[in-house]
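Below is one structure; the comments refer to it alone.
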Amino acid sequence: MSKHVLIAEDDTALADLMAKVLSKYNIRVTITYNGKEAVEALEKEVPDLLLLDILMPVLDGHGVMRFIREKSLECPVIVLSNLSDKETRDKCKEMQAQNYFVKNDLDDDDLWPAIEGYLR
Amino acid sequence: MRKTIHSASNGIALKLKFLAKEKEVVRRKLVVTAREKEVVRRKLVVTAKKLRLKARQLAATAKEKEVVRRKLVITADALRISRKTLEKKVLERTKDLEKVRAKDEAILASIGEGLVATDKNGRILLVNKACERLLGWKEGETQGKLLSKVIPMSDSTGKTIPALERLITKTLKDRSTTTTTTTMYYKRKDGTSFPVALTVAPIFIGKDLIGAVKVFRDITKEKEIEKARSEFMSIASHQLRTPLTAIRWVLSSLKRENLTEDQAKLVKTAHETSMNMASTIRRMLMISHLEEDGMEPELEQVVLQRELEKISRLHDAHRQRNGLELALQCPQDLMVRTDKQLLIEILDNLLSNALKYTPRGGKVRMSVTKEKESIRIDVADTGYGIPQEEQKRIPEKFFRASNVASPVEAGTGIGLYMVYNIVRLIGGTISFVSQENKGTTFTLLFPS
């Protein structure tokens, strides 16, 4: 059975792009454009990996992580955010985000292996 | 008869004889008298001469006296005139002084910035109109009051600064001019506040410190502009970053496909270029933050070797293309407590410069040594070096050395400016030695 990735990213171009890249590897992708949509998707089905943005309208990434923890969902999270401050990083760690990538600062070549790692 | 006649004639003769004798006596007397007369006459002549001389002398004296009198008259006139001129001059000077004073007062009153002078104890001696206007006090209301009571000052969090920590206290203590480095807020009489920039200078009469003078400016407008600029920077960079992220991710995923050699090369170059652009945007943002004083280091334990390897990997492509050797030396597991992102920024810049300004076949070394109380990182190259006369300009914004190889390597001149500012922010020091056409070594020291 193919793996399932949930994307929560308000930047549609970025979200669609990630979906396209992932679907090439026989991965099922669900795209949501804000935290509320992501929570609704999580309620329906727990994915094998969540790619999560922090700054999103309606409900932000922290809110989504809080929901995962409250419901004790077993879902690995990779945070992809523009926020690079320590406070955000610490908050993500506290919320048990498995990986935290700053969208613009990371060595891009680390991203795909990290994603692959959770889908093996 | 004859006898009688004879005797008579004898008598006569005798008488004549006698008379002759008397005559002679008389004549002689007369001669004497005449002589005496002559003496007297001569004396008179002398006296007359003397008198004439005296008269002449007197005349001369009189003349002299007249001259002196005339001179006195002239002098008196001159004195009268000079007294008048003096009076006139005094009048003029007084007027001038009044003018100067009026001018000084007008200048003081017209200064657009607030001005307060206090005595040694911080009591207000003088304020200008702008000060009263800015703070909402009426004329003369503040005279003699304590500055800290009249103008309460607080920091950006709203905490009131105690009198002892105020700039004016520091100025009076250090006897030197001080300026605010962070934004402070002044409270008006009505309790509202506004941001100020201020400078306090000591007032000396001769060598005696008599007080301090403070000049302050309402920087509300500047703050607004600063905020707008900062917002613009953040929006602009966000707008630039998001599509760039998409481009980079596409390229980095493309790199993992089965491409032909030519395709792989092109994709690699495109990815590298987009990475460079991302770091330029990141630097622009960082400079903007640094200049706003809006940056606080976030300390964490950093494993140096891991970061060094990561940074060096970012430059692998460029390095291999230019045939440069890179040596990394770092004690295993050496940790340092610092701001990771900022440290990466420093080392990335230094390494990037070293690689950029070293000709083909050169060597670059990045080495870490643990010293007694600090960690030392050297970034050394065998490159073009920095001309001696330009070395002190290295920390300047936009400075680029004149011996940069042609065709000119892309560079903005903000890298080292940023490095110097970040190093200061994380409490380290940076120095370098450089020799033209031999190479440059930058040495970074920071507390371990």
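Letters A, B, ... mark the chains of the structure tokens in the order given; residue numbers begin at 1 per chain; ligand numbers begin at 1, in order shown.
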Just the residues within 12 Å of Tyr417 in chain B, please, counting only C-alpha atoms, with nothing from its chain fewer than 2 positions along; format it as a list in words.
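Listing them by chain and then by number gives Arg283, Met284, Met286, Ile287, Leu290, Glu291, Glu345, Ile346, Asn349, Leu350, Arg393, Ile394, Pro395, Glu396, Lys397, Phe398, Phe399, Arg400, Thr412, Gly413, Ile414, Gly415, Val419, Tyr420, Asn421, Ile422, Val423, Arg424 and Ile430 of chain B.
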With N, CA, C and O atoms retained, write the just-selected residues as a JSON list (two decimals), in the first residue's frame.
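What ended up in result-v4.json:
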[["chain", "number", "residue", "atom", "x", "y", "z"],
["B", 283, "ARG", "N", 21.15, 37.37, 4.07],
["B", 283, "ARG", "CA", 22.10, 38.36, 4.60],
["B", 283, "ARG", "C", 21.49, 39.76, 4.63],
["B", 283, "ARG", "O", 21.71, 40.51, 5.58],
["B", 284, "MET", "N", 20.75, 40.08, 3.58],
["B", 284, "MET", "CA", 20.10, 41.39, 3.55],
["B", 284, "MET", "C", 19.19, 41.55, 4.76],
["B", 284, "MET", "O", 19.19, 42.58, 5.44],
["B", 286, "MET", "N", 19.39, 39.92, 7.55],
["B", 286, "MET", "CA", 20.17, 39.90, 8.78],
["B", 286, "MET", "C", 20.78, 41.27, 9.05],
["B", 286, "MET", "O", 20.76, 41.76, 10.17],
["B", 287, "ILE", "N", 21.31, 41.90, 8.00],
["B", 287, "ILE", "CA", 21.87, 43.24, 8.15],
["B", 287, "ILE", "C", 20.81, 44.20, 8.64],
["B", 287, "ILE", "O", 21.04, 45.00, 9.54],
["B", 290, "LEU", "N", 20.33, 43.55, 12.22],
["B", 290, "LEU", "CA", 21.50, 43.99, 12.99],
["B", 290, "LEU", "C", 21.47, 45.50, 13.18],
["B", 290, "LEU", "O", 21.74, 46.02, 14.25],
["B", 291, "GLU", "N", 21.13, 46.21, 12.10],
["B", 291, "GLU", "CA", 21.16, 47.67, 12.17],
["B", 291, "GLU", "C", 20.01, 48.23, 12.98],
["B", 291, "GLU", "O", 20.06, 49.35, 13.45],
["B", 345, "GLU", "N", 26.81, 31.93, 10.01],
["B", 345, "GLU", "CA", 26.87, 33.11, 9.14],
["B", 345, "GLU", "C", 28.30, 33.66, 9.05],
["B", 345, "GLU", "O", 28.80, 33.97, 7.97],
["B", 346, "ILE", "N", 28.98, 33.74, 10.20],
["B", 346, "ILE", "CA", 30.35, 34.25, 10.23],
["B", 346, "ILE", "C", 31.27, 33.35, 9.42],
["B", 346, "ILE", "O", 31.98, 33.79, 8.51],
["B", 349, "ASN", "N", 30.68, 33.22, 5.68],
["B", 349, "ASN", "CA", 31.21, 34.41, 5.01],
["B", 349, "ASN", "C", 32.72, 34.36, 4.86],
["B", 349, "ASN", "O", 33.26, 34.68, 3.81],
["B", 350, "LEU", "N", 33.40, 34.00, 5.95],
["B", 350, "LEU", "CA", 34.86, 33.97, 5.92],
["B", 350, "LEU", "C", 35.35, 32.93, 4.92],
["B", 350, "LEU", "O", 36.28, 33.19, 4.14],
["B", 393, "ARG", "N", 40.18, 49.51, 6.36],
["B", 393, "ARG", "CA", 38.81, 49.77, 5.87],
["B", 393, "ARG", "C", 37.97, 48.49, 5.79],
["B", 393, "ARG", "O", 36.80, 48.54, 5.41],
["B", 394, "ILE", "N", 38.59, 47.37, 6.14],
["B", 394, "ILE", "CA", 37.90, 46.08, 6.02],
["B", 394, "ILE", "C", 36.51, 46.03, 6.66],
["B", 394, "ILE", "O", 35.58, 45.53, 6.04],
["B", 395, "PRO", "N", 36.33, 46.56, 7.89],
["B", 395, "PRO", "CA", 34.99, 46.42, 8.48],
["B", 395, "PRO", "C", 33.95, 47.36, 7.88],
["B", 395, "PRO", "O", 32.81, 47.32, 8.29],
["B", 396, "GLU", "N", 34.31, 48.22, 6.93],
["B", 396, "GLU", "CA", 33.34, 49.16, 6.38],
["B", 396, "GLU", "C", 32.30, 48.46, 5.50],
["B", 396, "GLU", "O", 32.61, 47.52, 4.80],
["B", 397, "LYS", "N", 31.11, 49.03, 5.55],
["B", 397, "LYS", "CA", 30.04, 48.51, 4.70],
["B", 397, "LYS", "C", 30.37, 48.83, 3.24],
["B", 397, "LYS", "O", 30.81, 49.93, 2.94],
["B", 398, "PHE", "N", 30.15, 47.89, 2.38],
["B", 398, "PHE", "CA", 30.34, 48.03, 0.93],
["B", 398, "PHE", "C", 31.80, 48.18, 0.50],
["B", 398, "PHE", "O", 32.09, 48.49, -0.64],
["B", 399, "PHE", "N", 32.75, 48.01, 1.45],
["B", 399, "PHE", "CA", 34.15, 48.14, 1.04],
["B", 399, "PHE", "C", 34.59, 46.89, 0.29],
["B", 399, "PHE", "O", 34.30, 45.76, 0.68],
["B", 400, "ARG", "N", 35.30, 47.10, -0.84],
["B", 400, "ARG", "CA", 35.90, 45.98, -1.55],
["B", 400, "ARG", "C", 37.32, 46.37, -1.89],
["B", 400, "ARG", "O", 37.58, 47.47, -2.36],
["B", 412, "THR", "N", 29.41, 41.91, -2.75],
["B", 412, "THR", "CA", 28.66, 43.12, -2.43],
["B", 412, "THR", "C", 29.39, 44.01, -1.46],
["B", 412, "THR", "O", 29.08, 45.18, -1.32],
["B", 413, "GLY", "N", 30.38, 43.43, -0.77],
["B", 413, "GLY", "CA", 31.07, 44.23, 0.23],
["B", 413, "GLY", "C", 30.29, 44.33, 1.53],
["B", 413, "GLY", "O", 30.60, 45.16, 2.37],
["B", 414, "ILE", "N", 29.27, 43.47, 1.70],
["B", 414, "ILE", "CA", 28.56, 43.52, 2.98],
["B", 414, "ILE", "C", 28.95, 42.36, 3.88],
["B", 414, "ILE", "O", 28.68, 42.37, 5.06],
["B", 415, "GLY", "N", 29.61, 41.36, 3.29],
["B", 415, "GLY", "CA", 29.94, 40.16, 4.05],
["B", 415, "GLY", "C", 30.74, 40.44, 5.31],
["B", 415, "GLY", "O", 30.32, 40.09, 6.41],
["B", 419, "VAL", "N", 29.99, 40.32, 9.26],
["B", 419, "VAL", "CA", 30.78, 39.47, 10.15],
["B", 419, "VAL", "C", 31.24, 40.26, 11.37],
["B", 419, "VAL", "O", 31.07, 39.83, 12.51],
["B", 420, "TYR", "N", 31.79, 41.46, 11.14],
["B", 420, "TYR", "CA", 32.29, 42.26, 12.25],
["B", 420, "TYR", "C", 31.16, 42.60, 13.23],
["B", 420, "TYR", "O", 31.36, 42.60, 14.43],
["B", 421, "ASN", "N", 29.99, 42.90, 12.68],
["B", 421, "ASN", "CA", 28.87, 43.24, 13.55],
["B", 421, "ASN", "C", 28.36, 42.03, 14.34],
["B", 421, "ASN", "O", 28.01, 42.15, 15.50],
["B", 422, "ILE", "N", 28.33, 40.87, 13.67],
["B", 422, "ILE", "CA", 27.85, 39.67, 14.36],
["B", 422, "ILE", "C", 28.84, 39.26, 15.46],
["B", 422, "ILE", "O", 28.44, 38.91, 16.56],
["B", 423, "VAL", "N", 30.14, 39.33, 15.12],
["B", 423, "VAL", "CA", 31.15, 38.95, 16.11],
["B", 423, "VAL", "C", 30.98, 39.78, 17.37],
["B", 423, "VAL", "O", 31.02, 39.27, 18.48],
["B", 424, "ARG", "N", 30.74, 41.06, 17.18],
["B", 424, "ARG", "CA", 30.54, 41.94, 18.33],
["B", 424, "ARG", "C", 29.30, 41.51, 19.11],
["B", 424, "ARG", "O", 29.30, 41.46, 20.33],
["B", 430, "ILE", "N", 37.51, 39.64, 16.35],
["B", 430, "ILE", "CA", 38.00, 39.15, 15.07],
["B", 430, "ILE", "C", 39.18, 40.02, 14.65],
["B", 430, "ILE", "O", 39.20, 41.22, 14.90]]
Selection near range 310-315 of chain B, 9 Å with only C-alpha atoms, sequence-local residues under 5 positions removed, as a ChimeraX atom specification
/A:107 /B:272,275,305,320,326,328,344,347-348,351-352,355
Chain B residues near chain A (12 Å cut-off, only C-alpha atoms) as a ChimeraX atom specification
/B:234,237-257,268,271-272,274-283,286,295-300,307,310-315,339-342,344-345
Can you tell me, as a count of residues only, what residues are no more than 8 Å from range 147-159 of chain B when counting only C-alpha atoms, ignoring any on the same chain fewer than 3 positions away?
14
When DSSP works through the backbone of this structure, what residues of range 108-318 of chain B end up as strand (DSSP E or B), shown as a ChimeraX atom specification?
/B:114-119,123-127,146,153-154,160,178-179,184-187,193-205,208-218,299-303
Using DSSP on the backbone coordinates, identify all residues within range 16-94 of chain A classified as helix (DSSP H, G or I); present the result as a PyMOL selection string.
chain A and resi 16-23+35-44+61-70+86-94
Just write the chosen residues, C-alpha atoms, as a PDB file, in the first residue's frame.
ATOM      1  CA  ASP A  16       1.502  21.918  -5.035  1.00  0.00           C
ATOM      2  CA  LEU A  17       5.137  21.589  -5.906  1.00  0.00           C
ATOM      3  CA  MET A  18       5.827  19.295  -2.969  1.00  0.00           C
ATOM      4  CA  ALA A  19       2.782  17.238  -3.868  1.00  0.00           C
ATOM      5  CA  LYS A  20       3.986  16.851  -7.437  1.00  0.00           C
ATOM      6  CA  VAL A  21       7.470  15.783  -6.444  1.00  0.00           C
ATOM      7  CA  LEU A  22       6.151  13.312  -3.882  1.00  0.00           C
ATOM      8  CA  SER A  23       3.511  11.782  -6.125  1.00  0.00           C
ATOM      9  CA  GLY A  35      -4.109  24.463  10.048  1.00  0.00           C
ATOM     10  CA  LYS A  36      -7.858  23.936  10.335  1.00  0.00           C
ATOM     11  CA  GLU A  37      -7.980  21.972   7.091  1.00  0.00           C
ATOM     12  CA  ALA A  38      -4.981  19.966   8.271  1.00  0.00           C
ATOM     13  CA  VAL A  39      -6.727  19.074  11.555  1.00  0.00           C
ATOM     14  CA  GLU A  40      -9.838  18.016   9.650  1.00  0.00           C
ATOM     15  CA  ALA A  41      -7.694  15.807   7.396  1.00  0.00           C
ATOM     16  CA  LEU A  42      -5.959  14.333  10.448  1.00  0.00           C
ATOM     17  CA  GLU A  43      -9.310  13.479  12.000  1.00  0.00           C
ATOM     18  CA  LYS A  44     -10.227  11.532   8.909  1.00  0.00           C
ATOM     19  CA  GLY A  61       1.386  24.920  12.834  1.00  0.00           C
ATOM     20  CA  HIS A  62       1.700  25.023  16.609  1.00  0.00           C
ATOM     21  CA  GLY A  63      -2.055  24.519  16.815  1.00  0.00           C
ATOM     22  CA  VAL A  64      -1.845  21.481  14.550  1.00  0.00           C
ATOM     23  CA  MET A  65       0.933  19.963  16.676  1.00  0.00           C
ATOM     24  CA  ARG A  66      -1.095  20.628  19.821  1.00  0.00           C
ATOM     25  CA  PHE A  67      -4.006  18.705  18.251  1.00  0.00           C
ATOM     26  CA  ILE A  68      -1.717  15.771  17.396  1.00  0.00           C
ATOM     27  CA  ARG A  69      -0.464  15.626  20.964  1.00  0.00           C
ATOM     28  CA  GLU A  70      -3.885  15.956  22.549  1.00  0.00           C
ATOM     29  CA  LYS A  86      15.069  29.638  18.782  1.00  0.00           C
ATOM     30  CA  GLU A  87      11.715  30.101  20.442  1.00  0.00           C
ATOM     31  CA  THR A  88       9.934  28.555  17.487  1.00  0.00           C
ATOM     32  CA  ARG A  89      12.480  25.772  17.236  1.00  0.00           C
ATOM     33  CA  ASP A  90      12.180  24.987  20.944  1.00  0.00           C
ATOM     34  CA  LYS A  91       8.406  25.035  20.716  1.00  0.00           C
ATOM     35  CA  CYS A  92       8.550  22.585  17.821  1.00  0.00           C
ATOM     36  CA  LYS A  93      10.912  20.303  19.683  1.00  0.00           C
ATOM     37  CA  GLU A  94       8.657  20.411  22.709  1.00  0.00           C
TER      38      GLU A  94
END
Find the spatial neighbours of Thr30 in chain A, counting only C-alpha atoms, within a cut-off of 9 Å - ignore same-chain residues fewer than 6 positions away - and output them as number ranges by chain.
A: 4-8, 19, 41, 47
Take the residues from that selection and write them out as a PDB file, in the first residue's frame, keeping N, CA, C and O atoms.
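Result file follows (out-v8.pdb):
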ATOM      1  N   HIS A   4       1.187   7.588   2.726  1.00  0.00           N
ATOM      2  CA  HIS A   4       0.346   8.787   2.675  1.00  0.00           C
ATOM      3  C   HIS A   4       1.024   9.985   3.362  1.00  0.00           C
ATOM      4  O   HIS A   4       1.424   9.886   4.516  1.00  0.00           O
ATOM      5  N   VAL A   5       1.173  11.088   2.622  1.00  0.00           N
ATOM      6  CA  VAL A   5       1.773  12.304   3.213  1.00  0.00           C
ATOM      7  C   VAL A   5       0.736  13.410   3.225  1.00  0.00           C
ATOM      8  O   VAL A   5       0.043  13.634   2.229  1.00  0.00           O
ATOM      9  N   LEU A   6       0.632  14.076   4.390  1.00  0.00           N
ATOM     10  CA  LEU A   6      -0.263  15.233   4.490  1.00  0.00           C
ATOM     11  C   LEU A   6       0.593  16.500   4.459  1.00  0.00           C
ATOM     12  O   LEU A   6       1.576  16.620   5.202  1.00  0.00           O
ATOM     13  N   ILE A   7       0.207  17.417   3.591  1.00  0.00           N
ATOM     14  CA  ILE A   7       0.938  18.687   3.511  1.00  0.00           C
ATOM     15  C   ILE A   7       0.042  19.796   4.048  1.00  0.00           C
ATOM     16  O   ILE A   7      -1.118  19.907   3.651  1.00  0.00           O
ATOM     17  N   ALA A   8       0.584  20.584   4.988  1.00  0.00           N
ATOM     18  CA  ALA A   8      -0.149  21.764   5.473  1.00  0.00           C
ATOM     19  C   ALA A   8       0.732  22.974   5.185  1.00  0.00           C
ATOM     20  O   ALA A   8       1.726  23.204   5.876  1.00  0.00           O
ATOM     21  N   ALA A  19       3.693  18.340  -3.517  1.00  0.00           N
ATOM     22  CA  ALA A  19       2.782  17.238  -3.868  1.00  0.00           C
ATOM     23  C   ALA A  19       3.229  16.570  -5.171  1.00  0.00           C
ATOM     24  O   ALA A  19       3.260  15.341  -5.275  1.00  0.00           O
ATOM     25  N   ALA A  41      -8.255  16.947   8.129  1.00  0.00           N
ATOM     26  CA  ALA A  41      -7.694  15.807   7.396  1.00  0.00           C
ATOM     27  C   ALA A  41      -7.148  14.766   8.354  1.00  0.00           C
ATOM     28  O   ALA A  41      -7.315  13.556   8.145  1.00  0.00           O
ATOM     29  N   PRO A  47      -1.833  10.348   8.587  1.00  0.00           N
ATOM     30  CA  PRO A  47      -0.895  10.041   7.501  1.00  0.00           C
ATOM     31  C   PRO A  47       0.400   9.409   8.020  1.00  0.00           C
ATOM     32  O   PRO A  47       0.616   9.339   9.232  1.00  0.00           O
TER      33      PRO A  47
END
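Among B:Gln435, B:Thr269, B:Ser9, B:Arg217, the residue with the shortest atom-to-atom distance to Ala317 in chain B, counting only C-alpha atoms, is B:Thr269.
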Closest to Asn26 in chain A among A:Val79, A:Val46, A:Met1, A:Ala114, using only C-alpha atoms?
A:Met1
Which residues are close to Thr169 in chain B, i.e. within 10 Å by only C-alpha atoms, leaving aside same-chain residues fewer than 2 positions away? Reply as a list in words.
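Near neighbours after the sequence-gap exclusion: Lys120, Asn121, Gly122, Ala163, Leu164, Glu165, Arg166, Leu167, Thr171, Leu172, Lys173, Asp174, Arg175, Val200 and Ala212 of chain B.
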Could you save those same residues with all heavy atoms as an mmCIF file, in the first residue's frame?
data_model
loop_
_atom_site.group_PDB
_atom_site.id
_atom_site.type_symbol
_atom_site.label_atom_id
_atom_site.label_comp_id
_atom_site.auth_asym_id
_atom_site.auth_seq_id
_atom_site.Cartn_x
_atom_site.Cartn_y
_atom_site.Cartn_z
ATOM 1 N N LYS B 120 25.257 70.286 38.912
ATOM 2 C CA LYS B 120 25.922 69.021 39.235
ATOM 3 C C LYS B 120 24.997 68.019 39.931
ATOM 4 O O LYS B 120 25.240 66.838 39.920
ATOM 5 C CB LYS B 120 27.123 69.301 40.147
ATOM 6 C CG LYS B 120 28.387 69.594 39.365
ATOM 7 C CD LYS B 120 29.595 69.435 40.241
ATOM 8 C CE LYS B 120 29.642 70.494 41.316
ATOM 9 N NZ LYS B 120 30.950 70.515 42.000
ATOM 10 N N ASN B 121 23.939 68.547 40.555
ATOM 11 C CA ASN B 121 23.047 67.654 41.301
ATOM 12 C C ASN B 121 21.824 67.243 40.496
ATOM 13 O O ASN B 121 20.886 66.663 41.030
ATOM 14 C CB ASN B 121 22.606 68.338 42.597
ATOM 15 C CG ASN B 121 23.801 68.760 43.424
ATOM 16 O OD1 ASN B 121 24.733 67.973 43.604
ATOM 17 N ND2 ASN B 121 23.798 69.997 43.885
ATOM 18 N N GLY B 122 21.846 67.600 39.214
ATOM 19 C CA GLY B 122 20.733 67.198 38.365
ATOM 20 C C GLY B 122 19.524 68.106 38.483
ATOM 21 O O GLY B 122 18.423 67.729 38.095
ATOM 22 N N ALA B 163 17.016 57.277 38.509
ATOM 23 C CA ALA B 163 17.887 58.449 38.314
ATOM 24 C C ALA B 163 19.359 58.076 38.220
ATOM 25 O O ALA B 163 20.106 58.630 37.424
ATOM 26 C CB ALA B 163 17.664 59.448 39.443
ATOM 27 N N LEU B 164 19.769 57.094 39.025
ATOM 28 C CA LEU B 164 21.186 56.717 39.080
ATOM 29 C C LEU B 164 21.673 56.075 37.784
ATOM 30 O O LEU B 164 22.855 56.076 37.502
ATOM 31 C CB LEU B 164 21.424 55.752 40.242
ATOM 32 C CG LEU B 164 21.580 56.414 41.612
ATOM 33 C CD1 LEU B 164 21.676 55.364 42.699
ATOM 34 C CD2 LEU B 164 22.797 57.335 41.641
ATOM 35 N N GLU B 165 20.738 55.502 37.015
ATOM 36 C CA GLU B 165 21.150 54.810 35.791
ATOM 37 C C GLU B 165 20.983 55.678 34.558
ATOM 38 O O GLU B 165 21.215 55.235 33.444
ATOM 39 C CB GLU B 165 20.333 53.516 35.627
ATOM 40 C CG GLU B 165 20.757 52.441 36.603
ATOM 41 C CD GLU B 165 19.794 51.271 36.602
ATOM 42 O OE1 GLU B 165 19.107 51.065 35.582
ATOM 43 O OE2 GLU B 165 19.722 50.585 37.628
ATOM 44 N N ARG B 166 20.548 56.921 34.790
ATOM 45 C CA ARG B 166 20.319 57.773 33.627
ATOM 46 C C ARG B 166 21.630 58.285 33.054
ATOM 47 O O ARG B 166 22.633 58.378 33.740
ATOM 48 C CB ARG B 166 19.399 58.933 33.998
ATOM 49 C CG ARG B 166 17.981 58.445 34.212
ATOM 50 C CD ARG B 166 17.105 59.559 34.660
ATOM 51 N NE ARG B 166 16.898 60.550 33.619
ATOM 52 C CZ ARG B 166 15.713 61.074 33.319
ATOM 53 N NH1 ARG B 166 14.657 60.673 33.957
ATOM 54 N NH2 ARG B 166 15.598 61.987 32.395
ATOM 55 N N LEU B 167 21.546 58.640 31.777
ATOM 56 C CA LEU B 167 22.717 59.100 31.043
ATOM 57 C C LEU B 167 23.398 60.282 31.731
ATOM 58 O O LEU B 167 24.613 60.390 31.778
ATOM 59 C CB LEU B 167 22.266 59.518 29.646
ATOM 60 C CG LEU B 167 23.079 58.991 28.478
ATOM 61 C CD1 LEU B 167 23.283 57.509 28.588
ATOM 62 C CD2 LEU B 167 22.409 59.344 27.178
ATOM 63 N N THR B 171 27.214 60.903 32.710
ATOM 64 C CA THR B 171 27.993 62.020 32.172
ATOM 65 C C THR B 171 28.682 62.786 33.285
ATOM 66 O O THR B 171 29.864 63.113 33.196
ATOM 67 C CB THR B 171 27.071 62.982 31.399
ATOM 68 O OG1 THR B 171 26.450 62.264 30.364
ATOM 69 C CG2 THR B 171 27.853 64.145 30.819
ATOM 70 N N LEU B 172 27.936 63.050 34.372
ATOM 71 C CA LEU B 172 28.517 63.804 35.478
ATOM 72 C C LEU B 172 29.613 63.004 36.165
ATOM 73 O O LEU B 172 30.589 63.560 36.647
ATOM 74 C CB LEU B 172 27.422 64.183 36.480
ATOM 75 C CG LEU B 172 26.430 65.248 35.971
ATOM 76 C CD1 LEU B 172 25.245 65.370 36.914
ATOM 77 C CD2 LEU B 172 27.117 66.601 35.820
ATOM 78 N N LYS B 173 29.458 61.676 36.167
ATOM 79 C CA LYS B 173 30.442 60.821 36.817
ATOM 80 C C LYS B 173 31.701 60.696 35.953
ATOM 81 O O LYS B 173 32.807 60.868 36.420
ATOM 82 C CB LYS B 173 29.831 59.434 37.078
ATOM 83 C CG LYS B 173 30.545 58.665 38.181
ATOM 84 C CD LYS B 173 29.857 57.338 38.469
ATOM 85 C CE LYS B 173 30.776 56.189 38.147
ATOM 86 N NZ LYS B 173 30.268 55.229 37.217
ATOM 87 N N ASP B 174 31.486 60.396 34.661
ATOM 88 C CA ASP B 174 32.630 60.154 33.763
ATOM 89 C C ASP B 174 33.194 61.442 33.171
ATOM 90 O O ASP B 174 34.231 61.422 32.529
ATOM 91 C CB ASP B 174 32.210 59.238 32.598
ATOM 92 C CG ASP B 174 31.718 57.892 33.085
ATOM 93 O OD1 ASP B 174 31.933 57.609 34.284
ATOM 94 O OD2 ASP B 174 31.134 57.148 32.282
ATOM 95 N N ARG B 175 32.486 62.546 33.344
ATOM 96 C CA ARG B 175 32.884 63.832 32.768
ATOM 97 C C ARG B 175 33.110 63.737 31.261
ATOM 98 O O ARG B 175 34.021 64.351 30.713
ATOM 99 C CB ARG B 175 34.162 64.344 33.447
ATOM 100 C CG ARG B 175 34.022 64.472 34.961
ATOM 101 C CD ARG B 175 35.366 64.563 35.637
ATOM 102 N NE ARG B 175 35.952 65.892 35.509
ATOM 103 C CZ ARG B 175 35.805 66.870 36.383
ATOM 104 N NH1 ARG B 175 35.078 66.674 37.454
ATOM 105 N NH2 ARG B 175 36.371 68.034 36.196
ATOM 106 N N VAL B 200 24.135 63.706 26.050
ATOM 107 C CA VAL B 200 24.403 64.517 27.237
ATOM 108 C C VAL B 200 25.889 64.843 27.282
ATOM 109 O O VAL B 200 26.724 63.959 27.115
ATOM 110 C CB VAL B 200 24.008 63.774 28.534
ATOM 111 C CG1 VAL B 200 24.104 64.718 29.713
ATOM 112 C CG2 VAL B 200 22.610 63.211 28.428
ATOM 113 N N ALA B 212 25.566 69.603 33.420
ATOM 114 C CA ALA B 212 25.512 68.876 32.162
ATOM 115 C C ALA B 212 24.433 69.478 31.284
ATOM 116 O O ALA B 212 23.464 70.048 31.773
ATOM 117 C CB ALA B 212 25.216 67.403 32.414
#
Counting only C-alpha atoms, what is within 10 Å of Lys3 in chain A, bar same-chain residues fewer than 3 positions away, as a ChimeraX atom specification?
/A:25-29,47-49,118-120
